[in-house]
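The file coords28.txt comes next; it holds compact mmCIF, C-alpha atoms.
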```txt
# COMPACT_ATOMS: atom_id res chain seq x y z
CA MET Q 729 122.52 147.49 86.07
CA LYS Q 730 123.47 146.74 82.46
CA LYS Q 731 125.47 143.70 83.59
CA ILE Q 732 122.44 142.36 85.46
CA LEU Q 733 120.17 142.90 82.42
CA HIS Q 734 122.69 141.21 80.12
CA SER Q 735 122.92 138.29 82.53
CA LEU Q 736 119.12 137.92 82.71
CA THR Q 737 118.84 138.17 78.93
CA ALA Q 738 121.49 135.47 78.47
CA THR Q 739 119.73 133.21 80.97
CA LEU Q 740 116.37 133.66 79.23
CA LEU Q 741 117.93 132.95 75.85
CA LEU Q 742 119.52 129.75 77.14
CA LEU Q 743 116.17 128.68 78.61
CA CYS Q 744 114.44 129.36 75.30
CA PHE Q 745 117.05 127.37 73.39
CA TYR Q 746 116.63 124.50 75.87
CA LEU Q 747 112.84 124.51 75.51
CA ILE Q 748 113.05 124.62 71.72
CA ALA Q 749 115.62 121.81 71.60
CA THR Q 750 113.60 119.68 74.00
CA ALA Q 751 110.38 120.25 72.07
CA GLN Q 752 112.09 119.07 68.90
CA THR Q 753 113.06 115.71 70.46
CA LEU Q 754 109.84 115.02 72.35
CA SER Q 755 106.53 114.06 70.79
CA PRO Q 756 103.42 116.11 71.61
CA GLU Q 757 102.32 113.41 74.08
CA GLU Q 758 105.74 113.48 75.75
CA GLN Q 759 105.69 117.26 76.02
CA LYS Q 760 102.33 116.99 77.74
CA ILE Q 761 103.81 114.44 80.17
CA VAL Q 762 106.58 116.89 81.06
CA ARG Q 763 104.13 119.73 81.66
CA TYR Q 764 102.01 117.56 83.95
CA VAL Q 765 104.97 116.55 86.10
CA ASP Q 766 106.09 120.15 86.50
CA ALA Q 767 102.57 121.33 87.34
CA HIS Q 768 102.09 118.63 90.00
CA ALA Q 769 105.53 118.57 91.62
CA ALA Q 770 104.31 120.14 94.87
CA GLU Q 771 101.37 117.75 94.97
CA ALA Q 772 103.74 114.78 94.68
CA VAL Q 773 105.77 116.07 97.63
CA SER Q 774 102.60 116.44 99.69
CA LEU Q 775 101.67 112.82 99.00
CA LEU Q 776 105.17 111.71 99.96
CA GLU Q 777 104.86 113.60 103.24
CA LYS Q 778 101.54 111.85 103.90
CA VAL Q 779 102.85 108.31 103.41
CA VAL Q 780 106.16 108.93 105.23
CA ASN Q 781 104.11 109.99 108.25
CA ILE Q 782 102.38 106.58 108.26
CA GLU Q 783 104.77 104.32 110.14
CA SER Q 784 105.22 101.11 108.16
CA ALA Q 785 108.18 99.06 109.34
CA THR Q 786 107.84 95.55 107.91
CA GLN Q 787 106.48 94.09 111.14
CA ASN Q 788 103.95 96.93 111.55
CA LEU Q 789 101.28 95.12 109.57
CA ALA Q 790 98.56 97.73 110.07
CA GLY Q 791 100.89 100.55 109.05
CA VAL Q 792 102.07 98.76 105.91
CA LYS Q 793 98.50 98.09 104.86
CA SER Q 794 97.52 101.72 105.55
CA VAL Q 795 100.20 102.93 103.15
CA GLY Q 796 98.98 100.34 100.67
CA GLU Q 797 95.44 101.66 100.92
CA VAL Q 798 96.64 105.17 100.06
CA PHE Q 799 98.32 103.96 96.88
CA LYS Q 800 95.47 101.60 96.08
CA GLY Q 801 93.10 104.56 95.94
CA GLU Q 802 95.49 106.51 93.73
CA PHE Q 803 95.92 103.69 91.23
CA ALA Q 804 92.19 102.96 91.17
CA ALA Q 805 91.54 106.63 90.36
CA LEU Q 806 93.71 106.19 87.26
CA GLY Q 807 91.48 103.35 86.08
CA LEU Q 808 93.72 100.49 87.13
CA ASN Q 809 92.26 97.36 88.68
CA ALA Q 810 93.84 97.61 92.15
CA LYS Q 811 93.63 95.03 94.92
CA TRP Q 812 95.33 94.18 98.20
CA ILE Q 813 96.77 90.66 98.49
CA ASP Q 814 96.90 89.34 102.08
CA MET Q 815 99.61 86.93 103.17
CA PRO Q 816 98.89 83.91 105.42
CA ALA Q 817 98.60 84.89 109.10
CA GLU Q 818 101.46 82.60 110.14
CA MET Q 819 103.81 84.50 107.83
CA ASN Q 820 103.37 87.70 109.90
CA ARG Q 821 103.48 89.95 106.83
CA ALA Q 822 100.89 92.52 105.76
CA GLY Q 823 100.66 91.62 102.08
CA HIS Q 824 101.13 93.39 98.75
CA LEU Q 825 99.35 95.85 96.47
CA LEU Q 826 98.74 94.76 92.88
CA ALA Q 827 97.34 97.17 90.28
CA GLU Q 828 96.90 96.51 86.58
CA THR Q 829 95.60 98.30 83.51
CA ARG Q 830 92.41 96.74 82.21
CA ALA Q 831 93.36 96.54 78.53
CA GLY Q 832 96.04 97.95 76.24
CA ARG Q 833 98.63 96.77 73.76
CA GLY Q 834 102.38 96.82 73.21
CA LYS Q 835 105.10 95.77 75.63
CA ARG Q 836 103.88 94.41 78.97
CA ILE Q 837 105.69 96.34 81.70
CA LEU Q 838 105.98 95.33 85.37
CA LEU Q 839 106.60 98.25 87.74
CA LEU Q 840 107.99 97.38 91.17
CA GLY Q 841 108.15 99.16 94.51
CA HIS Q 842 107.77 98.48 98.22
CA ILE Q 843 105.89 100.25 100.99
CA ASP Q 844 107.58 98.83 104.08
CA THR Q 845 110.56 100.41 105.82
CA VAL Q 846 113.39 99.11 108.01
CA LEU Q 847 112.94 101.67 110.77
CA GLN Q 848 110.06 103.76 112.05
CA GLY Q 849 109.63 106.64 114.46
CA GLU Q 850 111.10 109.45 112.32
CA HIS Q 851 108.32 111.47 110.74
CA TRP Q 852 108.52 113.98 107.90
CA ARG Q 853 110.80 116.96 108.39
CA ARG Q 854 111.63 119.34 105.57
CA ASP Q 855 114.76 121.46 105.35
CA GLY Q 856 114.73 123.45 102.13
CA LYS Q 857 115.14 121.14 99.15
CA LYS Q 858 115.72 118.09 101.34
CA ALA Q 859 113.23 116.15 103.47
CA TYR Q 860 113.82 113.56 106.17
CA GLY Q 861 111.85 110.61 107.51
CA ASN Q 862 111.74 106.81 107.48
CA GLY Q 863 111.12 105.61 103.94
CA SER Q 864 111.57 109.05 102.39
CA SER Q 865 113.98 107.67 99.80
CA ASP Q 866 113.81 103.90 100.50
CA MET Q 867 111.42 103.76 98.98
CA LYS Q 868 108.24 105.74 99.43
CA GLY Q 869 109.87 108.46 97.36
CA GLY Q 870 110.27 105.90 94.56
CA ASP Q 871 106.66 104.81 94.93
CA VAL Q 872 105.56 108.43 94.44
CA VAL Q 873 107.81 108.76 91.36
CA LEU Q 874 106.18 105.60 89.95
CA LEU Q 875 102.67 106.85 90.71
CA TYR Q 876 103.17 110.32 89.23
CA ALA Q 877 104.76 108.86 86.11
CA LEU Q 878 101.51 106.94 85.58
CA LYS Q 879 99.46 110.03 86.43
CA ALA Q 880 101.34 111.98 83.76
CA LEU Q 881 100.75 109.18 81.25
CA ALA Q 882 97.06 109.16 82.11
CA ASP Q 883 96.83 112.93 81.71
CA ALA Q 884 98.43 112.62 78.27
CA GLY Q 885 95.73 110.09 77.36
CA VAL Q 886 98.13 107.21 76.71
CA LEU Q 887 97.96 105.09 79.88
CA LYS Q 888 94.64 103.53 78.87
CA ASP Q 889 96.34 101.98 75.83
CA MET Q 890 99.21 100.42 77.79
CA ARG Q 891 99.70 97.06 79.46
CA VAL Q 892 101.12 97.86 82.88
CA ILE Q 893 101.25 95.87 86.13
CA VAL Q 894 102.25 97.61 89.37
CA MET Q 895 103.34 95.63 92.40
CA LEU Q 896 104.19 97.31 95.70
CA THR Q 897 105.37 94.69 98.18
CA GLY Q 898 104.85 95.01 101.91
CA ASP Q 899 107.91 93.05 103.01
CA GLU Q 900 110.86 93.88 100.77
CA GLU Q 901 113.04 94.73 103.75
CA ALA Q 902 112.36 91.31 105.32
CA ALA Q 903 110.62 88.97 102.91
CA GLY Q 904 108.08 86.58 104.39
CA ARG Q 905 108.87 82.89 104.38
CA PRO Q 906 108.50 80.84 102.36
CA VAL Q 907 109.39 83.15 99.48
CA GLU Q 908 107.50 80.85 97.14
CA ILE Q 909 104.39 82.39 98.72
CA SER Q 910 105.58 85.91 99.55
CA ARG Q 911 106.94 86.39 96.01
CA GLY Q 912 104.54 84.08 94.21
CA ASP Q 913 102.30 86.89 92.94
CA MET Q 914 105.31 88.89 91.76
CA ILE Q 915 106.72 85.94 89.85
CA ALA Q 916 103.30 85.28 88.30
CA ALA Q 917 103.12 88.94 87.23
CA ALA Q 918 106.61 88.71 85.71
CA LYS Q 919 105.56 85.71 83.65
CA ARG Q 920 102.83 87.92 82.16
CA SER Q 921 105.30 90.75 81.46
CA ASP Q 922 108.06 91.52 78.96
CA LEU Q 923 110.28 93.64 81.21
CA ALA Q 924 110.48 95.08 84.71
CA LEU Q 925 111.28 98.55 86.05
CA SER Q 926 111.97 98.96 89.76
CA PHE Q 927 111.82 102.24 91.67
CA GLU Q 928 114.36 101.68 94.43
CA ALA Q 929 116.30 104.83 95.27
CA ALA Q 930 118.32 106.41 92.48
CA ARG Q 931 122.05 107.08 92.72
CA GLY Q 932 122.26 110.59 91.29
CA VAL Q 933 121.41 110.39 87.59
CA ASP Q 934 122.56 106.78 87.20
CA ALA Q 935 120.45 103.62 87.09
CA THR Q 936 121.03 100.02 88.15
CA VAL Q 937 121.51 97.05 85.81
CA GLY Q 938 122.64 94.59 88.50
CA ARG Q 939 122.33 94.07 92.25
CA ARG Q 940 123.98 91.79 94.75
CA GLY Q 941 122.00 89.03 96.39
CA SER Q 942 121.69 88.42 100.13
CA SER Q 943 122.03 85.33 102.27
CA SER Q 944 122.17 84.84 106.04
CA TRP Q 945 124.32 82.50 108.11
CA MET Q 946 124.37 81.14 111.65
CA LEU Q 947 127.54 80.01 113.41
CA GLU Q 948 127.41 77.81 116.53
CA VAL Q 949 130.63 77.22 118.46
CA SER Q 950 131.09 74.86 121.43
CA GLY Q 951 134.03 74.22 123.70
CA ALA Q 952 135.06 72.45 126.88
CA THR Q 953 134.36 74.45 130.05
CA GLY Q 954 135.90 74.59 133.48
CA HIS Q 955 138.36 76.57 135.61
CA SER Q 956 140.02 79.36 133.66
CA SER Q 957 143.46 78.44 135.00
CA GLN Q 958 143.33 75.33 132.81
CA ILE Q 959 142.70 77.11 129.48
CA PHE Q 960 144.99 75.95 126.63
CA LYS Q 961 145.93 72.80 128.51
CA GLU Q 962 145.21 69.52 126.77
CA ARG Q 963 142.07 68.62 128.71
CA MET Q 964 140.54 72.15 128.49
CA GLY Q 965 141.51 73.52 125.10
CA SER Q 966 140.93 77.10 123.93
CA GLY Q 967 137.29 77.80 124.78
CA ALA Q 968 134.39 78.71 122.51
CA ILE Q 969 135.03 82.47 122.35
CA LEU Q 970 138.61 82.14 121.10
CA GLU Q 971 137.46 79.60 118.53
CA ALA Q 972 134.75 82.03 117.39
CA GLY Q 973 137.37 84.78 117.17
CA ARG Q 974 139.62 82.57 115.04
CA ILE Q 975 136.76 81.83 112.65
CA LEU Q 976 135.70 85.46 112.29
CA ASN Q 977 139.26 86.63 111.76
CA GLN Q 978 139.81 84.06 109.03
CA PHE Q 979 136.52 85.08 107.40
CA TYR Q 980 137.84 88.65 107.42
CA GLU Q 981 141.22 87.69 105.94
CA GLN Q 982 139.49 85.70 103.23
CA PHE Q 983 136.79 88.14 102.15
CA HIS Q 984 137.46 91.74 103.15
CA ASN Q 985 139.12 92.63 99.81
CA ASP Q 986 136.61 90.79 97.61
CA LYS Q 987 134.54 93.39 95.71
CA ASN Q 988 132.03 90.71 94.69
CA LEU Q 989 131.25 89.66 98.25
CA THR Q 990 130.74 91.09 101.72
CA PHE Q 991 130.23 89.24 104.98
CA ASN Q 992 128.78 90.88 108.07
CA PRO Q 993 128.69 89.27 111.53
CA SER Q 994 125.78 91.26 112.92
CA LEU Q 995 124.94 89.68 116.29
CA ILE Q 996 127.06 87.64 118.72
CA VAL Q 997 126.48 86.16 122.18
CA GLY Q 998 128.86 83.94 124.10
CA GLY Q 999 129.76 82.64 127.54
CA THR Q 1000 129.16 79.68 129.80
CA GLU Q 1001 125.63 79.70 128.44
CA ALA Q 1002 124.24 81.56 125.43
CA GLN Q 1003 120.90 81.84 123.64
CA LEU Q 1004 119.95 83.62 120.43
CA ASN Q 1005 116.39 84.16 119.30
CA GLY Q 1006 115.97 86.09 116.09
CA THR Q 1007 117.35 89.59 116.64
CA MET Q 1008 117.82 89.19 120.42
CA GLY Q 1009 120.17 87.14 122.57
CA ASN Q 1010 121.55 86.70 126.06
CA ALA Q 1011 124.55 85.08 127.68
CA THR Q 1012 126.02 84.37 131.10
CA GLY Q 1013 129.62 83.82 132.11
CA LYS Q 1014 132.33 84.47 134.70
CA THR Q 1015 135.92 85.56 134.29
CA ASN Q 1016 137.18 82.42 135.99
CA VAL Q 1017 135.26 80.02 133.72
CA VAL Q 1018 136.27 78.97 130.21
CA PRO Q 1019 133.32 79.82 127.90
CA ALA Q 1020 131.38 76.88 126.48
CA LYS Q 1021 129.18 78.42 123.80
CA VAL Q 1022 129.07 81.19 121.18
CA LEU Q 1023 126.27 81.97 118.73
CA ILE Q 1024 126.79 84.37 115.81
CA ARG Q 1025 124.35 85.54 113.16
CA GLY Q 1026 125.37 87.40 110.00
CA ASP Q 1027 124.80 87.92 106.30
CA LEU Q 1028 126.50 87.52 102.91
CA ARG Q 1029 126.07 89.83 99.92
CA PHE Q 1030 127.19 88.37 96.60
CA SER Q 1031 127.32 89.33 92.93
CA ASN Q 1032 126.12 85.97 91.59
CA GLU Q 1033 125.30 82.42 92.64
CA ALA Q 1034 128.78 81.10 91.83
CA VAL Q 1035 130.37 83.67 94.16
CA LYS Q 1036 127.88 82.75 96.90
CA GLU Q 1037 128.53 79.02 96.67
CA ALA Q 1038 132.32 79.49 96.59
CA ALA Q 1039 132.15 81.69 99.69
CA ARG Q 1040 130.01 79.17 101.54
CA ALA Q 1041 132.44 76.38 100.71
CA LYS Q 1042 135.37 78.42 102.04
CA MET Q 1043 133.46 79.34 105.20
CA ARG Q 1044 132.67 75.69 105.88
CA GLU Q 1045 136.36 74.85 105.44
CA ILE Q 1046 137.41 77.55 107.92
CA VAL Q 1047 134.76 76.48 110.45
CA ALA Q 1048 135.93 72.87 110.33
CA ALA Q 1049 139.58 73.62 111.28
CA ASN Q 1050 138.87 73.83 115.02
CA LEU Q 1051 141.11 74.82 117.88
CA ALA Q 1052 141.75 72.22 120.59
CA ARG Q 1053 138.68 70.85 122.39
CA THR Q 1054 136.26 73.00 120.35
CA SER Q 1055 133.75 72.33 117.59
CA ALA Q 1056 131.75 74.56 115.29
CA LYS Q 1057 129.08 74.35 112.63
CA ILE Q 1058 127.69 76.91 110.20
CA THR Q 1059 124.32 76.91 108.46
CA PHE Q 1060 123.10 79.11 105.63
CA ASP Q 1061 119.69 80.49 104.68
CA ASP Q 1062 118.96 81.88 101.22
CA GLY Q 1063 117.49 85.37 100.98
CA ILE Q 1064 117.18 87.51 97.86
CA PRO Q 1065 118.99 86.23 94.74
CA ALA Q 1066 121.42 88.37 92.76
CA MET Q 1067 120.33 90.40 89.73
CA ALA Q 1068 122.85 89.76 86.96
CA PRO Q 1069 123.78 92.71 84.67
CA THR Q 1070 122.51 91.19 81.41
CA ASP Q 1071 122.54 92.50 77.85
CA GLY Q 1072 118.78 92.98 78.09
CA ASN Q 1073 119.20 95.21 81.14
CA TYR Q 1074 121.84 97.28 79.36
CA SER Q 1075 119.48 97.67 76.40
CA ILE Q 1076 116.83 99.24 78.65
CA LEU Q 1077 119.52 101.46 80.22
CA LYS Q 1078 120.49 102.69 76.74
CA GLN Q 1079 116.88 103.64 76.07
CA LEU Q 1080 116.63 105.45 79.42
CA SER Q 1081 119.81 107.35 78.60
CA GLN Q 1082 118.28 108.47 75.29
CA VAL Q 1083 115.15 109.62 77.10
CA SER Q 1084 117.29 111.58 79.54
CA GLN Q 1085 119.22 113.25 76.74
CA ASP Q 1086 116.01 114.12 74.91
CA LEU Q 1087 114.80 115.78 78.10
CA GLY Q 1088 118.04 117.75 78.38
CA PHE Q 1089 119.29 115.91 81.48
CA GLY Q 1090 122.31 114.22 79.89
CA LYS Q 1091 123.43 110.62 79.62
CA VAL Q 1092 122.57 107.97 82.22
CA GLY Q 1093 125.33 105.75 83.51
CA THR Q 1094 125.11 102.62 85.65
CA VAL Q 1095 125.90 101.88 89.27
CA ASP Q 1096 128.45 99.15 89.92
CA PRO Q 1097 126.41 96.08 90.99
CA ALA Q 1098 128.89 95.60 93.85
CA ASP Q 1099 127.67 98.93 95.28
CA ARG Q 1100 123.99 97.96 95.33
CA GLY Q 1101 122.35 95.74 97.92
CA ALA Q 1102 119.67 93.16 97.28
CA GLY Q 1103 116.27 94.15 95.90
CA ASP Q 1104 112.91 92.69 94.89
CA ILE Q 1105 113.61 92.90 91.16
CA ALA Q 1106 116.13 90.06 91.58
CA TYR Q 1107 113.27 87.61 92.18
CA VAL Q 1108 112.18 88.09 88.56
CA SER Q 1109 115.47 89.05 86.86
CA ASN Q 1110 115.95 85.45 85.72
CA LEU Q 1111 112.63 85.66 83.86
CA ILE Q 1112 112.67 89.09 82.21
CA SER Q 1113 115.09 91.96 81.60
CA GLY Q 1114 114.85 94.95 83.87
CA LEU Q 1115 116.26 98.16 85.28
CA ASP Q 1116 116.35 99.40 88.86
CA GLY Q 1117 117.25 102.58 90.71
CA LEU Q 1118 114.53 104.66 89.03
CA GLY Q 1119 113.13 106.11 92.26
CA ALA Q 1120 113.91 109.26 94.21
CA ASP Q 1121 117.48 110.24 95.03
CA GLY Q 1122 118.37 110.33 98.71
CA ASP Q 1123 120.71 109.25 101.46
CA GLY Q 1124 120.83 107.36 104.75
CA ALA Q 1125 118.69 104.33 103.90
CA HIS Q 1126 118.27 101.84 106.79
CA ALA Q 1127 119.55 104.43 109.27
CA PRO Q 1128 118.30 107.34 111.36
CA GLY Q 1129 118.26 110.56 109.34
CA GLU Q 1130 117.15 109.00 106.04
CA SER Q 1131 116.55 111.77 103.50
CA VAL Q 1132 115.28 112.51 100.00
CA GLU Q 1133 116.39 115.17 97.53
CA LEU Q 1134 113.09 116.76 96.57
CA ASP Q 1135 114.50 118.42 93.45
CA SER Q 1136 115.35 114.97 92.08
CA MET Q 1137 111.75 113.85 91.92
CA PRO Q 1138 110.41 115.84 88.92
CA MET Q 1139 113.41 114.94 86.76
CA LEU Q 1140 113.23 111.25 87.67
CA THR Q 1141 109.45 111.18 87.21
CA LYS Q 1142 109.73 112.64 83.70
CA ARG Q 1143 112.44 110.14 82.77
CA ALA Q 1144 110.41 107.21 84.08
CA ALA Q 1145 107.17 108.29 82.44
CA ILE Q 1146 108.66 108.79 79.00
CA LEU Q 1147 110.69 105.57 79.26
CA ILE Q 1148 107.50 103.65 80.10
CA TYR Q 1149 105.70 105.38 77.23
CA ARG Q 1150 108.39 104.55 74.67
CA LEU Q 1151 108.88 100.99 75.87
CA SER Q 1152 105.16 100.33 75.71
CA ARG Q 1153 105.05 101.35 72.05
CA GLN Q 1154 107.76 98.92 70.91
```
Could you render the structure from this file as structure tokens?
Amino acid sequence: MKKILHSLTATLLLLCFYLIATAQTLSPEEQKIVRYVDAHAAEAVSLLEKVVNIESATQNLAGVKSVGEVFKGEFAALGLNAKWIDMPAEMNRAGHLLAETRAGRGKRILLLGHIDTVLQGEHWRRDGKKAYGNGSSDMKGGDVVLLYALKALADAGVLKDMRVIVMLTGDEEAAGRPVEISRGDMIAAAKRSDLALSFEAARGVDATVGRRGSSSWMLEVSGATGHSSQIFKERMGSGAILEAGRILNQFYEQFHNDKNLTFNPSLIVGGTEAQLNGTMGNATGKTNVVPAKVLIRGDLRFSNEAVKEAARAKMREIVAANLARTSAKITFDDGIPAMAPTDGNYSILKQLSQVSQDLGFGKVGTVDPADRGAGDIAYVSNLISGLDGLGADGDGAHAPGESVELDSMPMLTKRAAILIYRLSRQ
């Protein structure tokens, strides 16, 4: 019994020392922010459950807008001027939510999130300290962290004096085209801001100073066709499928060890006839006929524009070295640009790390940009400094079984709120 009492006493003493140390490094307003987040942690989880249960894959326009309406009401209740921005009908995208403080002073801060998901059909399921569902960590969890950081700032009476713009896009997972329109409002907001913070999923306690960009490609291969007994002979050649295999294998040999680049052939159809339409395709062929056509769609992920252009040049060179009686062409389509890890981004990371230490959570490191995919913040990273990966911690993004670590949310919300508070006062 004495051992148990001694253990409890030691634990209480450590907790007291932690609270005293934290109180000495946080201002009264910051201490109030911390108390609010702790008091409303369960409420934040309830809101996350609500929005995860609204299916909002990018092409589910009604679902995306329904999630947007939930957050629009929340931001409006904090006194922000919140509005929904529709996209042109031909773009087939739901639109974006824009919310902005009405006055304020200090640094102008752009806060980014997205309310669409890749998949849908998996609703909220909780298992202890972990919850599952489409968008739970990518990134409705991050949206809730963003919202409750602002709620805590409002409760402390400081939000009304800040200059904050919030943008939650409805098509981050598949940006509408042209991007000049789908990201026009975000770019305009960035031009009225001094820095950007994005709430994509966290990686443990670390944040993100750089992200790879994305680009898609389409490969079309043609070959002579006829009786299979004539394959490899001068008048028949090698056929379209073997030529496609040669190209893909050489892509692999060229790029599979490059940490600054990945290539992914994601969809392939081939045969005597082949058609590819978006994410679906079909082909016909017989074993005794040399295939005439192959269509392949894929993507590139790159650390910067120079890496992207060098990879494209090498791919074109490989595609041009055709096997006998075949031809091939490759076309590229730009997606999300890369976010370079700039000095300005590292400066914000240093400030976040100090916030984390003041809260008693330890130093914040950075995720290798090669380990992060593309994200919305890259559209504005050439205009202003920024930091990403400030949202909820989780696993399984873009796959069945996506999850969020619920215990991560209060810690990450406190960090974000106090970082926003301190940045705004500079």
Could you list as JSON, numbers by chain every residue that has an atom within 6 Å of (125.0, 93.4, 83.9), using the file's coordinates and counting all atoms listed in the file? {"Q": [937, 938, 1068, 1069, 1070]}
So how far away is CA of Arg931 in chain Q from CA of Asp1123 in chain Q, in Å? 9.1 Å
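Atom pair CA of Ile915 in chain Q / CA of Glu783 in chain Q: separated by 27.4 Å.
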Can you tell me, as a PyMOL selection string, what residues are no more than 6 Å from Asp934 in chain Q when counting only C-alpha atoms, ignoring any on the same chain fewer than 3 positions away? chain Q and resi 931+1092-1094
Need the shell around range 893-908 of chain Q: protein/DNA/RNA residues with any atom at most 7 Å away, counting all atoms listed in the file. Skip same-chain ones fewer than 4 positions apart. Format as an MDAnalysis selection string? chainID Q and resid 786 792 819 821:829 837:846 912 1104
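Nearest-residue note for Gln787 in chain Q: choosing from Q:Glu758, Q:Leu847, Q:Gly998, Q:Asp766, the minimum distance belongs to Q:Leu847, counting only C-alpha atoms.
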Quick check, in Å to one decimal: how far apart do CA of Gly801 in chain Q and CA of Tyr1149 in chain Q lie?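 One can read the CA of Gly801 in chain Q to CA of Tyr1149 in chain Q distance as 22.6 Å.
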Which of these residues is nearest to Asn1110 in chain Q, using only C-alpha atoms: Q:Gly1122, Q:Lys919, Q:Leu947, Q:Asn1050? Q:Lys919
Residue nearest Ser1113 in chain Q among Q:Met1043, Q:Ala918, Q:Leu1028, Q:Leu976 (counting all atoms listed in the file):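 Of the candidates, the smallest distance to Ser1113 in chain Q is held by Q:Ala918.
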Looking at Q:Ala1052, Q:Leu925, Q:Ile909, Q:Ile1024, which one is nearest to Val949 in chain Q, with distances taken over all atoms listed in the file? Q:Ile1024
Excluding range 1007-1017 of chain Q and its own-chain neighbours fewer than 4 positions away, which residues fall within 12 Å of it when counting all atoms listed in the file? Please give them as a PyMOL selection string. chain Q and resi 951-959+964+966-969+994-1003+1021-1026
Please dump the current selection as an mmCIF file, keeping the file's coordinate frame; keep C-alpha atoms.
```
data_model
loop_
_atom_site.group_PDB
_atom_site.id
_atom_site.type_symbol
_atom_site.label_atom_id
_atom_site.label_comp_id
_atom_site.auth_asym_id
_atom_site.auth_seq_id
_atom_site.Cartn_x
_atom_site.Cartn_y
_atom_site.Cartn_z
ATOM 1 C CA GLY Q 951 134.030 74.220 123.700
ATOM 2 C CA ALA Q 952 135.060 72.450 126.880
ATOM 3 C CA THR Q 953 134.360 74.450 130.050
ATOM 4 C CA GLY Q 954 135.900 74.590 133.480
ATOM 5 C CA HIS Q 955 138.360 76.570 135.610
ATOM 6 C CA SER Q 956 140.020 79.360 133.660
ATOM 7 C CA SER Q 957 143.460 78.440 135.000
ATOM 8 C CA GLN Q 958 143.330 75.330 132.810
ATOM 9 C CA ILE Q 959 142.700 77.110 129.480
ATOM 10 C CA MET Q 964 140.540 72.150 128.490
ATOM 11 C CA SER Q 966 140.930 77.100 123.930
ATOM 12 C CA GLY Q 967 137.290 77.800 124.780
ATOM 13 C CA ALA Q 968 134.390 78.710 122.510
ATOM 14 C CA ILE Q 969 135.030 82.470 122.350
ATOM 15 C CA SER Q 994 125.780 91.260 112.920
ATOM 16 C CA LEU Q 995 124.940 89.680 116.290
ATOM 17 C CA ILE Q 996 127.060 87.640 118.720
ATOM 18 C CA VAL Q 997 126.480 86.160 122.180
ATOM 19 C CA GLY Q 998 128.860 83.940 124.100
ATOM 20 C CA GLY Q 999 129.760 82.640 127.540
ATOM 21 C CA THR Q 1000 129.160 79.680 129.800
ATOM 22 C CA GLU Q 1001 125.630 79.700 128.440
ATOM 23 C CA ALA Q 1002 124.240 81.560 125.430
ATOM 24 C CA GLN Q 1003 120.900 81.840 123.640
ATOM 25 C CA LYS Q 1021 129.180 78.420 123.800
ATOM 26 C CA VAL Q 1022 129.070 81.190 121.180
ATOM 27 C CA LEU Q 1023 126.270 81.970 118.730
ATOM 28 C CA ILE Q 1024 126.790 84.370 115.810
ATOM 29 C CA ARG Q 1025 124.350 85.540 113.160
ATOM 30 C CA GLY Q 1026 125.370 87.400 110.000
#
```
